[in-house]
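File shown: my_file_13.tsv (TSV, C-alpha atoms and all ligand atoms).
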```
chain	number	residue	atom	x	y	z
B	1	MET	CA	79.37	30.98	138.38
B	2	VAL	CA	80.62	27.59	137.33
B	3	PHE	CA	79.15	24.65	139.15
B	4	PHE	CA	80.92	21.75	137.57
B	5	ILE	CA	83.69	21.43	135.13
B	6	HIS	CA	83.85	18.48	132.85
B	7	ARG	CA	87.21	17.37	131.63
B	8	THR	CA	87.51	14.42	129.38
B	9	GLY	CA	90.41	12.77	127.71
B	10	PRO	CA	93.53	11.06	128.81
B	11	PHE	CA	94.17	13.66	131.50
B	12	ALA	CA	90.95	12.22	132.86
B	13	PRO	CA	88.09	14.15	134.31
B	14	LEU	CA	88.15	15.29	137.89
B	15	TYR	CA	84.52	15.95	138.50
B	16	GLN	CA	82.80	14.06	135.79
B	17	PRO	CA	79.18	14.32	136.66
B	18	PRO	CA	76.56	12.09	135.19
B	19	SER	CA	75.74	13.09	131.65
B	20	HIS	CA	72.53	14.87	132.68
B	21	ALA	CA	74.23	17.17	135.18
B	22	PRO	CA	74.92	20.82	134.41
B	23	LEU	CA	78.49	21.46	133.36
B	24	LEU	CA	80.36	24.68	132.86
B	25	GLN	CA	77.04	26.42	132.77
B	26	VAL	CA	74.69	28.11	135.15
B	27	PRO	CA	71.57	26.07	135.82
B	28	ARG	CA	68.45	27.77	134.41
B	29	ASN	CA	66.79	28.97	137.60
B	30	SER	CA	70.20	29.15	139.17
B	31	SER	CA	69.82	31.87	141.76
B	32	THR	CA	66.86	30.27	143.56
B	33	GLN	CA	68.27	26.78	143.28
B	34	ARG	CA	71.64	27.79	144.55
B	35	ARG	CA	70.25	29.72	147.50
B	36	GLU	CA	68.24	26.68	148.55
B	37	GLU	CA	71.16	24.33	148.42
B	38	ASP	CA	73.19	24.63	151.60
B	39	LYS	CA	76.94	24.46	151.40
B	40	GLU	CA	77.24	21.00	152.91
B	41	THR	CA	74.88	19.43	150.40
B	42	LYS	CA	76.76	21.04	147.58
B	43	ARG	CA	80.08	19.80	148.92
B	44	THR	CA	78.78	16.23	149.32
B	45	ARG	CA	77.45	16.32	145.78
B	46	ILE	CA	80.76	17.48	144.35
B	47	ILE	CA	82.70	14.80	146.21
B	48	ALA	CA	80.24	12.12	145.06
B	49	MET	CA	80.77	13.23	141.51
B	50	ALA	CA	84.52	13.22	141.92
B	51	GLU	CA	84.28	9.65	143.20
B	52	GLN	CA	82.11	8.70	140.28
B	53	ASN	CA	84.70	10.26	138.07
B	54	GLN	CA	87.44	8.07	139.50
B	55	THR	CA	85.57	5.03	138.22
B	56	ASP	CA	85.16	6.66	134.82
B	57	ALA	CA	88.80	7.70	134.59
B	58	GLY	CA	90.50	6.47	131.49
B	59	ARG	CA	87.19	6.06	129.69
B	60	HIS	CA	88.20	8.52	127.02
B	61	GLN	CA	91.39	7.65	125.30
B	62	GLU	CA	91.42	9.95	122.34
B	63	VAL	CA	94.62	11.93	122.19
B	64	GLY	CA	94.17	15.63	122.41
B	65	HIS	CA	90.67	15.26	123.72
B	66	LYS	CA	91.13	18.08	126.16
B	67	SER	CA	87.91	19.78	126.89
B	68	LEU	CA	86.10	21.50	129.68
B	69	LEU	CA	82.90	21.46	127.68
B	70	GLN	CA	79.45	20.23	128.58
B	71	SER	CA	79.77	16.84	126.97
B	72	ASP	CA	81.98	14.63	124.88
B	73	ALA	CA	79.47	14.89	122.07
B	74	LEU	CA	79.71	18.67	122.02
B	75	TYR	CA	83.47	18.53	121.90
B	76	GLN	CA	83.39	15.95	119.11
B	77	TYR	CA	80.97	18.20	117.27
B	78	ILE	CA	83.47	21.07	117.38
B	79	LEU	CA	86.33	18.85	116.25
B	80	GLU	CA	84.42	17.18	113.47
B	81	THR	CA	82.57	20.25	112.24
B	82	SER	CA	85.18	22.95	112.33
B	83	VAL	CA	88.58	21.71	113.47
B	84	TYR	CA	89.49	18.49	111.65
B	85	PRO	CA	88.09	19.52	108.25
B	86	ARG	CA	90.23	22.69	108.33
B	87	GLU	CA	93.31	21.27	110.03
B	88	PRO	CA	96.38	21.75	107.82
B	89	GLU	CA	97.74	18.40	106.59
B	90	PRO	CA	101.07	18.69	108.50
B	91	MET	CA	99.23	19.38	111.76
B	92	LYS	CA	97.07	16.32	111.18
B	93	GLU	CA	100.17	14.26	110.50
B	94	LEU	CA	101.88	15.54	113.64
B	95	ARG	CA	98.77	14.95	115.74
B	96	GLU	CA	98.53	11.38	114.52
B	97	LEU	CA	102.23	10.77	115.06
B	98	THR	CA	102.03	12.22	118.58
B	99	ALA	CA	99.04	10.00	119.35
B	100	LYS	CA	101.38	7.00	119.24
B	101	HIS	CA	103.80	8.52	121.74
B	102	PRO	CA	103.56	7.32	125.36
B	103	TRP	CA	103.30	10.86	126.74
B	104	ASN	CA	100.63	11.92	124.26
B	105	ILE	CA	98.51	13.39	127.04
B	106	MET	CA	100.81	16.42	126.94
B	107	THR	CA	99.99	17.49	123.42
B	108	THR	CA	98.06	20.67	122.68
B	109	SER	CA	94.57	19.79	121.48
B	110	ALA	CA	93.55	20.32	117.86
B	111	ASP	CA	90.96	22.98	118.72
B	112	GLU	CA	93.51	24.93	120.75
B	113	GLY	CA	95.99	24.62	117.89
B	114	GLN	CA	93.41	26.09	115.55
B	115	PHE	CA	92.71	28.87	118.03
B	116	LEU	CA	96.41	29.76	118.38
B	117	ASN	CA	96.89	29.73	114.64
B	118	MET	CA	94.08	32.22	114.09
B	119	LEU	CA	95.07	34.38	117.05
B	120	LEU	CA	98.61	34.77	115.73
B	121	LYS	CA	97.30	35.82	112.34
B	122	LEU	CA	94.88	38.28	113.93
B	123	ILE	CA	97.64	40.04	115.83
B	124	ASN	CA	100.08	39.86	112.90
B	125	ALA	CA	102.63	38.16	115.11
B	126	LYS	CA	106.16	37.99	113.79
B	127	ASN	CA	108.51	37.50	116.72
B	128	THR	CA	107.29	34.79	119.11
B	129	MET	CA	108.41	32.46	121.86
B	130	GLU	CA	107.19	29.10	123.09
B	131	ILE	CA	108.07	27.49	126.41
B	132	GLY	CA	107.14	23.80	126.36
B	133	VAL	CA	107.35	22.23	122.92
B	134	TYR	CA	106.93	18.44	123.37
B	135	THR	CA	106.48	17.07	119.80
B	136	GLY	CA	105.59	20.51	118.47
B	137	TYR	CA	101.86	20.67	117.75
B	138	SER	CA	101.42	24.23	119.08
B	139	LEU	CA	104.80	25.11	117.63
B	140	LEU	CA	103.67	24.01	114.18
B	141	ALA	CA	100.37	25.87	114.60
B	142	THR	CA	102.47	28.96	115.37
B	143	ALA	CA	105.02	28.44	112.61
B	144	LEU	CA	102.28	28.04	110.00
B	145	ALA	CA	100.65	31.28	111.13
B	146	LEU	CA	103.76	33.44	110.97
B	147	PRO	CA	105.01	35.23	107.87
B	148	GLU	CA	108.02	33.80	106.01
B	149	ASP	CA	110.43	35.90	108.07
B	150	GLY	CA	108.64	35.18	111.35
B	151	LYS	CA	110.58	33.76	114.29
B	152	ILE	CA	109.90	31.40	117.17
B	153	LEU	CA	112.28	30.88	120.04
B	154	ALA	CA	111.20	27.42	121.22
B	155	MET	CA	112.43	25.98	124.49
B	156	ASP	CA	112.12	22.57	126.05
B	157	ILE	CA	114.19	20.43	128.40
B	158	ASN	CA	113.60	17.49	126.05
B	159	ARG	CA	115.07	17.62	122.56
B	160	GLU	CA	114.15	14.04	121.69
B	161	ASN	CA	110.41	14.73	121.57
B	162	TYR	CA	110.94	17.86	119.51
B	163	GLU	CA	112.99	15.85	117.05
B	164	LEU	CA	110.20	13.32	116.74
B	165	GLY	CA	107.96	15.98	115.24
B	166	LEU	CA	110.70	17.86	113.42
B	167	PRO	CA	110.49	15.92	110.12
B	168	VAL	CA	106.83	16.93	109.82
B	169	ILE	CA	107.69	20.55	110.61
B	170	LYS	CA	110.43	20.43	107.96
B	171	LYS	CA	108.08	18.88	105.43
B	172	ALA	CA	105.70	21.76	106.10
B	173	GLY	CA	108.53	24.10	105.13
B	174	VAL	CA	108.44	26.18	108.30
B	175	ASP	CA	111.45	24.90	110.27
B	176	HIS	CA	113.51	27.94	109.25
B	177	LYS	CA	111.32	30.06	111.53
B	178	ILE	CA	112.25	28.00	114.60
B	179	GLU	CA	115.21	28.36	116.89
B	180	PHE	CA	115.09	25.44	119.34
B	181	LYS	CA	116.91	25.69	122.66
B	182	GLU	CA	117.25	22.58	124.76
B	183	GLY	CA	117.20	23.09	128.51
B	184	PRO	CA	115.22	24.82	131.23
B	185	ALA	CA	113.68	28.05	130.02
B	186	LEU	CA	114.18	30.16	133.14
B	187	PRO	CA	117.97	30.68	132.87
B	188	VAL	CA	117.56	31.57	129.19
B	189	LEU	CA	114.96	34.18	130.12
B	190	ASP	CA	117.24	35.52	132.85
B	191	GLU	CA	119.96	36.07	130.28
B	192	MET	CA	117.52	37.65	127.87
B	193	VAL	CA	116.16	40.20	130.34
B	194	LYS	CA	119.70	41.38	131.09
B	195	ASP	CA	119.91	42.68	127.55
B	196	GLU	CA	117.75	45.76	127.04
B	197	LYS	CA	117.40	45.10	123.33
B	198	ASN	CA	115.24	42.07	124.08
B	199	HIS	CA	112.81	44.16	126.07
B	200	GLY	CA	109.43	44.63	124.43
B	201	SER	CA	110.53	42.56	121.44
B	202	TYR	CA	107.98	39.71	121.40
B	203	ASP	CA	104.56	39.86	119.80
B	204	PHE	CA	103.40	36.58	121.30
B	205	ILE	CA	104.66	34.14	123.94
B	206	PHE	CA	103.02	30.79	124.62
B	207	VAL	CA	103.78	29.14	127.96
B	208	ASP	CA	102.94	25.44	128.21
B	209	ALA	CA	105.55	23.90	130.49
B	210	ASP	CA	106.26	23.49	134.23
B	211	LYS	CA	103.29	25.04	136.00
B	212	ASP	CA	105.28	25.65	139.20
B	213	ASN	CA	107.37	28.17	137.29
B	214	TYR	CA	104.64	30.14	135.54
B	215	LEU	CA	104.87	33.05	137.97
B	216	ASN	CA	108.66	33.07	137.60
B	217	TYR	CA	108.18	33.12	133.83
B	218	HIS	CA	105.68	35.93	134.12
B	219	LYS	CA	108.15	38.11	136.06
B	220	ARG	CA	110.55	37.90	133.11
B	221	LEU	CA	108.17	37.64	130.18
B	222	ILE	CA	106.39	40.86	131.08
B	223	ASP	CA	109.59	42.70	130.13
B	224	LEU	CA	110.16	40.69	126.96
B	225	VAL	CA	106.69	40.97	125.44
B	226	LYS	CA	105.92	44.25	123.72
B	227	VAL	CA	103.26	46.65	124.97
B	228	GLY	CA	100.18	45.49	123.06
B	229	GLY	CA	101.65	41.99	122.71
B	230	LEU	CA	100.26	38.79	124.20
B	231	ILE	CA	101.38	36.11	126.62
B	232	GLY	CA	99.25	32.95	126.62
B	233	TYR	CA	99.43	30.77	129.73
B	234	ASP	CA	98.12	27.28	129.09
B	235	ASN	CA	96.31	24.97	131.53
B	236	THR	CA	94.97	27.74	133.75
B	237	LEU	CA	91.87	25.69	134.55
B	238	TRP	CA	94.13	22.74	135.32
B	239	ASN	CA	91.84	19.81	134.65
B	240	GLY	CA	89.02	21.70	136.35
B	241	SER	CA	90.86	21.27	139.67
B	242	VAL	CA	90.85	25.02	140.32
B	243	VAL	CA	87.37	24.58	141.79
B	244	ALA	CA	88.08	21.39	143.72
B	245	PRO	CA	87.26	21.28	147.43
B	246	PRO	CA	90.39	20.81	149.59
B	247	ASP	CA	89.68	17.12	150.27
B	248	ALA	CA	88.70	16.14	146.72
B	249	PRO	CA	90.41	12.96	145.48
B	250	LEU	CA	92.78	14.46	142.93
B	251	ARG	CA	95.57	12.75	141.08
B	252	LYS	CA	98.92	13.51	142.67
B	253	TYR	CA	100.33	15.64	139.89
B	254	VAL	CA	97.06	17.53	139.56
B	255	ARG	CA	97.02	18.30	143.29
B	256	TYR	CA	100.69	19.30	143.28
B	257	TYR	CA	100.43	21.83	140.46
B	258	ARG	CA	96.97	23.08	141.36
B	259	ASP	CA	98.19	25.51	144.02
B	260	PHE	CA	100.66	27.03	141.57
B	261	VAL	CA	97.93	27.47	138.99
B	262	LEU	CA	95.62	29.04	141.58
B	263	GLU	CA	98.37	31.40	142.65
B	264	LEU	CA	99.10	32.34	139.04
B	265	ASN	CA	95.44	33.00	138.29
B	266	LYS	CA	95.15	35.28	141.33
B	267	ALA	CA	98.31	37.14	140.44
B	268	LEU	CA	97.32	37.67	136.80
B	269	ALA	CA	93.89	38.94	137.84
B	270	VAL	CA	95.42	41.83	139.81
B	271	ASP	CA	98.42	42.61	137.63
B	272	PRO	CA	97.94	46.21	136.43
B	273	ARG	CA	100.46	45.77	133.60
B	274	ILE	CA	98.14	43.46	131.67
B	275	GLU	CA	94.59	42.97	130.49
B	276	ILE	CA	93.50	39.36	130.75
B	277	CYS	CA	91.04	36.96	129.24
B	278	MET	CA	90.67	33.39	130.49
B	279	LEU	CA	89.21	31.08	127.88
B	280	PRO	CA	87.88	27.55	128.43
B	281	VAL	CA	89.69	26.28	125.35
B	282	GLY	CA	91.65	23.06	125.85
B	283	ASP	CA	92.57	22.97	129.53
B	284	GLY	CA	92.03	26.70	129.87
B	285	ILE	CA	94.23	29.39	128.40
B	286	THR	CA	94.72	32.85	129.88
B	287	LEU	CA	95.66	35.54	127.42
B	288	CYS	CA	97.52	38.49	128.89
B	289	ARG	CA	97.83	41.65	126.83
B	290	ARG	CA	100.58	43.89	128.07
B	291	ILE	CA	99.33	47.42	128.48
B	292	LYS	CA	102.29	49.05	130.22
L	1	LIG	C1	102.43	20.08	127.98
L	1	LIG	S1	103.96	19.83	127.21
L	1	LIG	C2	103.98	20.99	125.91
L	1	LIG	C3	103.00	20.65	124.83
L	1	LIG	C4	103.23	21.41	123.54
L	1	LIG	N1	102.94	22.81	123.67
L	1	LIG	C5	102.43	20.80	122.41
L	1	LIG	O1	101.83	21.52	121.64
L	1	LIG	O2	102.42	19.57	122.29
L	1	LIG	C6	105.08	20.49	128.37
L	1	LIG	C7	106.52	20.52	127.94
L	1	LIG	O3	107.24	21.36	128.84
L	1	LIG	C8	108.55	20.87	128.92
L	1	LIG	N2	109.17	21.43	130.11
L	1	LIG	C9	109.01	21.07	131.40
L	1	LIG	N3	109.76	21.82	132.21
L	1	LIG	C10	110.41	22.71	131.41
L	1	LIG	C11	111.32	23.77	131.67
L	1	LIG	N4	111.73	24.06	132.89
L	1	LIG	N5	111.79	24.49	130.61
L	1	LIG	C12	111.38	24.20	129.34
L	1	LIG	N6	110.52	23.20	129.06
L	1	LIG	C13	110.04	22.47	130.08
L	1	LIG	C14	108.36	19.36	128.94
L	1	LIG	O4	109.55	18.70	128.56
L	1	LIG	C15	107.22	19.17	127.97
L	1	LIG	O5	107.69	18.84	126.68
```
This structure in structure tokens:
Amino acid sequence: MVFFIHRTGPFAPLYQPPSHAPLLQVPRNSSTQRREEDKETKRTRIIAMAEQNQTDAGRHQEVGHKSLLQSDALYQYILETSVYPREPEPMKELRELTAKHPWNIMTTSADEGQFLNMLLKLINAKNTMEIGVYTGYSLLATALALPEDGKILAMDINRENYELGLPVIKKAGVDHKIEFKEGPALPVLDEMVKDEKNHGSYDFIFVDADKDNYLNYHKRLIDLVKVGGLIGYDNTLWNGSVVAPPDAPLRKYVRYYRDFVLELNKALAVDPRIEICMLPVGDGITLCRRIK
């Protein structure tokens, strides 16, 4: 069981406990400790930590520093030891370019980009889709992983941000794999599901857009992804807010989308058409493998 979730970075932590507190881990003698601690004490402690967190908000400014890990140091260790040294040059360039953009909090983190890149290679993905592009960090991670004739249908309501990253994607020589559609993704999916030939045609679909539509996306994507293919839903731990008590002081947008994320997580957990795996990478990603 998770006691506390630590989220650093520009999305700001929700329950940032003091550095000595246990995070995303079970305390050592957990069962005895937990039994002794009555619910009220636990609740008070969580709220106190959330309040502490409010004062710490904005402490971490590094772009892409999206982590639910035990400490900043541990996250930095991962980045510096295994992510940055192996990050392809164009991804580094795009990450640094995105860092200067005012909405940089939206970018996919470097460790998640590395994860997606390897995952796509592992499953030999060829035909893919991405909902929520922004400046294209996850898109580039995908494009670099696909074979020369691989395809990505990329959708976003904002073309301008995509075009900001496009020169880097072109320089990387992978833009020919991308078909960008500007506009809301849902009507496009509606059109696609009408045509039987699109059914079961995607190896991988990454969803990183409007959280209040994830369940609507799922209803359509389940037909479009192939049996044995994967859908990845991003932000399924939603800044750690999925374990927030009802009266926790959450940022407005976090509170608003939290219920949608909770609903999605519940629905995915009981969906017999998929196998799932929720990973604490970035802001949480749930992989859904279609089985029927
Ligand atoms: C978190 S960002 C995506 C980050 C991106 N995956 C990356 O690697 O940087 C979310 C994106 O979803 C887009 N978006 C929001 N609502 C959308 C919708 N209805 N259809 C398509 N895109 C949408 C936003 O414009 C924004 O660029």
Pick from B:Thr135, B:Ser82, B:Gln76, B:Asn104 nearest to B:Gly165, counting all atoms listed in the file: B:Thr135
Counting all atoms listed in the file, which residue out of B:Thr142, B:Thr107, B:Asn158, B:Thr98 sits closest to B:Leu119? B:Thr142
Quote the spacing between atom CA of B:Met118 and atom O4 of ligand LIG 1 (chain L) in Å to one decimal place.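 Separation of atom CA of B:Met118 and atom O4 of ligand LIG 1 (chain L): 25.1 Å.
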Rounded to one decimal, what separation in Å do you get between atom CA of B:Val281 and atom CA of B:Pro102? 23.5 Å
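Closest approach to B:Asp190 among B:Lys121, B:Lys177, B:His218, B:Arg251: B:His218, based on only C-alpha atoms.
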Per residue of chain B within 6 Å of ligand LIG 1 (chain L), which atom pair is closest and at what distance in Å (one decimal), using only C-alpha atoms and all ligand atoms, listed by chain and increasing number, as a tab-separated table?
```
residue	atom	partner	partner_atom	distance
B:Met106	CA	L:LIG1	C1	4.1
B:Thr107	CA	L:LIG1	O2	3.4
B:Thr108	CA	L:LIG1	O1	4.0
B:Ile131	CA	L:LIG1	C12	5.5
B:Gly132	CA	L:LIG1	O3	3.5
B:Val133	CA	L:LIG1	C4	4.2
B:Tyr134	CA	L:LIG1	O5	3.4
B:Thr135	CA	L:LIG1	O2	5.4
B:Gly136	CA	L:LIG1	O1	5.0
B:Tyr137	CA	L:LIG1	O1	4.0
B:Ser138	CA	L:LIG1	O1	3.8
B:Met155	CA	L:LIG1	C12	5.3
B:Asp156	CA	L:LIG1	N6	3.5
B:Ile157	CA	L:LIG1	N6	4.6
B:Asn158	CA	L:LIG1	O4	4.9
B:Gly183	CA	L:LIG1	N5	6.0
B:Pro184	CA	L:LIG1	N5	3.5
B:Ala185	CA	L:LIG1	N5	4.1
B:Asp208	CA	L:LIG1	C2	5.1
B:Ala209	CA	L:LIG1	O3	3.5
B:Asp210	CA	L:LIG1	N3	4.4
```
Hey, can you check how far atom CA of B:Ile291 sits from atom CA of B:Glu275?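 Between atom CA of B:Ile291 and atom CA of B:Glu275 the gap works out to 6.8 Å.
If you count only C-alpha atoms and ignore residues fewer than 6 places along the chain from B:Lys292, what sits within 8 Å of it is Val227, Arg273 and Ile274 of chain B.
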Considering all atoms listed in the file, state which residue in the set B:Pro90, B:His199, B:Leu74, B:Thr81 is at the smallest distance from B:Lys171. B:Pro90
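Every residue within 8 Å of the file position (109.2, 29.1, 116.4), judged by only C-alpha atoms, is given as Thr128, Met129, Glu130, Leu139, Leu140, Thr142, Ala143, Gly150, Lys151, Ile152, Leu153, Ala154, Asp175, Lys177, Ile178, Glu179 and Phe180 of chain B.
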Using all atoms listed in the file, which of the listed residues (B:Pro187, B:Gly113, B:Pro88, B:Gly282) sits closest to B:Gly240?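 The closest residue to B:Gly240 is B:Gly282.
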Tell me which of B:Tyr253, B:Phe260, B:Phe206, B:Tyr217 sits closest to B:Asp234, counting all atoms listed in the file.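 Checking each candidate against B:Asp234, we get B:Phe206 as the closest.
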All residues 9 Å or closer to B:Asn124, only C-alpha atoms, same chain fewer than 2 positions away omitted, as number ranges by chain: B: 119-122, 126, 145-147, 203
Could you write stretch 130-145 of chain B as a PDB file, in the coordinates of the input, with N, CA and C atoms rebuilt where they are missing?
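The result, written out as result.pdb:
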```pdb
ATOM      1  N   GLU B 130     108.001  30.171 122.506  1.00  0.00           N
ATOM      2  CA  GLU B 130     107.190  29.100 123.090  1.00  0.00           C
ATOM      3  C   GLU B 130     108.001  28.386 124.160  1.00  0.00           C
ATOM      4  N   ILE B 131     107.412  28.248 125.335  1.00  0.00           N
ATOM      5  CA  ILE B 131     108.070  27.490 126.410  1.00  0.00           C
ATOM      6  C   ILE B 131     107.255  26.211 126.605  1.00  0.00           C
ATOM      7  N   GLY B 132     107.841  25.075 126.286  1.00  0.00           N
ATOM      8  CA  GLY B 132     107.140  23.800 126.360  1.00  0.00           C
ATOM      9  C   GLY B 132     106.700  23.355 124.977  1.00  0.00           C
ATOM     10  N   VAL B 133     107.555  22.570 124.332  1.00  0.00           N
ATOM     11  CA  VAL B 133     107.350  22.230 122.920  1.00  0.00           C
ATOM     12  C   VAL B 133     106.751  20.829 122.734  1.00  0.00           C
ATOM     13  N   TYR B 134     107.277  19.868 123.533  1.00  0.00           N
ATOM     14  CA  TYR B 134     106.930  18.440 123.370  1.00  0.00           C
ATOM     15  C   TYR B 134     107.184  18.031 121.914  1.00  0.00           C
ATOM     16  N   THR B 135     106.209  17.474 121.192  1.00  0.00           N
ATOM     17  CA  THR B 135     106.480  17.070 119.800  1.00  0.00           C
ATOM     18  C   THR B 135     106.197  18.209 118.809  1.00  0.00           C
ATOM     19  N   GLY B 136     105.662  19.317 119.325  1.00  0.00           N
ATOM     20  CA  GLY B 136     105.590  20.510 118.470  1.00  0.00           C
ATOM     21  C   GLY B 136     104.259  20.852 117.839  1.00  0.00           C
ATOM     22  N   TYR B 137     103.152  20.359 118.399  1.00  0.00           N
ATOM     23  CA  TYR B 137     101.860  20.670 117.750  1.00  0.00           C
ATOM     24  C   TYR B 137     101.552  22.172 117.817  1.00  0.00           C
ATOM     25  N   SER B 138     101.686  22.778 118.996  1.00  0.00           N
ATOM     26  CA  SER B 138     101.420  24.230 119.080  1.00  0.00           C
ATOM     27  C   SER B 138     102.505  25.013 118.348  1.00  0.00           C
ATOM     28  N   LEU B 139     103.700  24.460 118.347  1.00  0.00           N
ATOM     29  CA  LEU B 139     104.800  25.110 117.630  1.00  0.00           C
ATOM     30  C   LEU B 139     104.508  25.164 116.127  1.00  0.00           C
ATOM     31  N   LEU B 140     104.004  24.057 115.601  1.00  0.00           N
ATOM     32  CA  LEU B 140     103.670  24.010 114.180  1.00  0.00           C
ATOM     33  C   LEU B 140     102.485  24.938 113.870  1.00  0.00           C
ATOM     34  N   ALA B 141     101.509  24.956 114.786  1.00  0.00           N
ATOM     35  CA  ALA B 141     100.370  25.870 114.600  1.00  0.00           C
ATOM     36  C   ALA B 141     100.874  27.310 114.533  1.00  0.00           C
ATOM     37  N   THR B 142     101.882  27.606 115.349  1.00  0.00           N
ATOM     38  CA  THR B 142     102.470  28.960 115.370  1.00  0.00           C
ATOM     39  C   THR B 142     103.260  29.213 114.095  1.00  0.00           C
ATOM     40  N   ALA B 143     104.141  28.262 113.775  1.00  0.00           N
ATOM     41  CA  ALA B 143     105.020  28.440 112.610  1.00  0.00           C
ATOM     42  C   ALA B 143     104.208  28.640 111.330  1.00  0.00           C
ATOM     43  N   LEU B 144     103.109  27.914 111.207  1.00  0.00           N
ATOM     44  CA  LEU B 144     102.280  28.040 110.000  1.00  0.00           C
ATOM     45  C   LEU B 144     101.569  29.385 109.930  1.00  0.00           C
ATOM     46  N   ALA B 145     101.367  29.996 111.106  1.00  0.00           N
ATOM     47  CA  ALA B 145     100.650  31.280 111.130  1.00  0.00           C
ATOM     48  C   ALA B 145     101.556  32.471 110.858  1.00  0.00           C
TER      49      ALA B 145
END
```
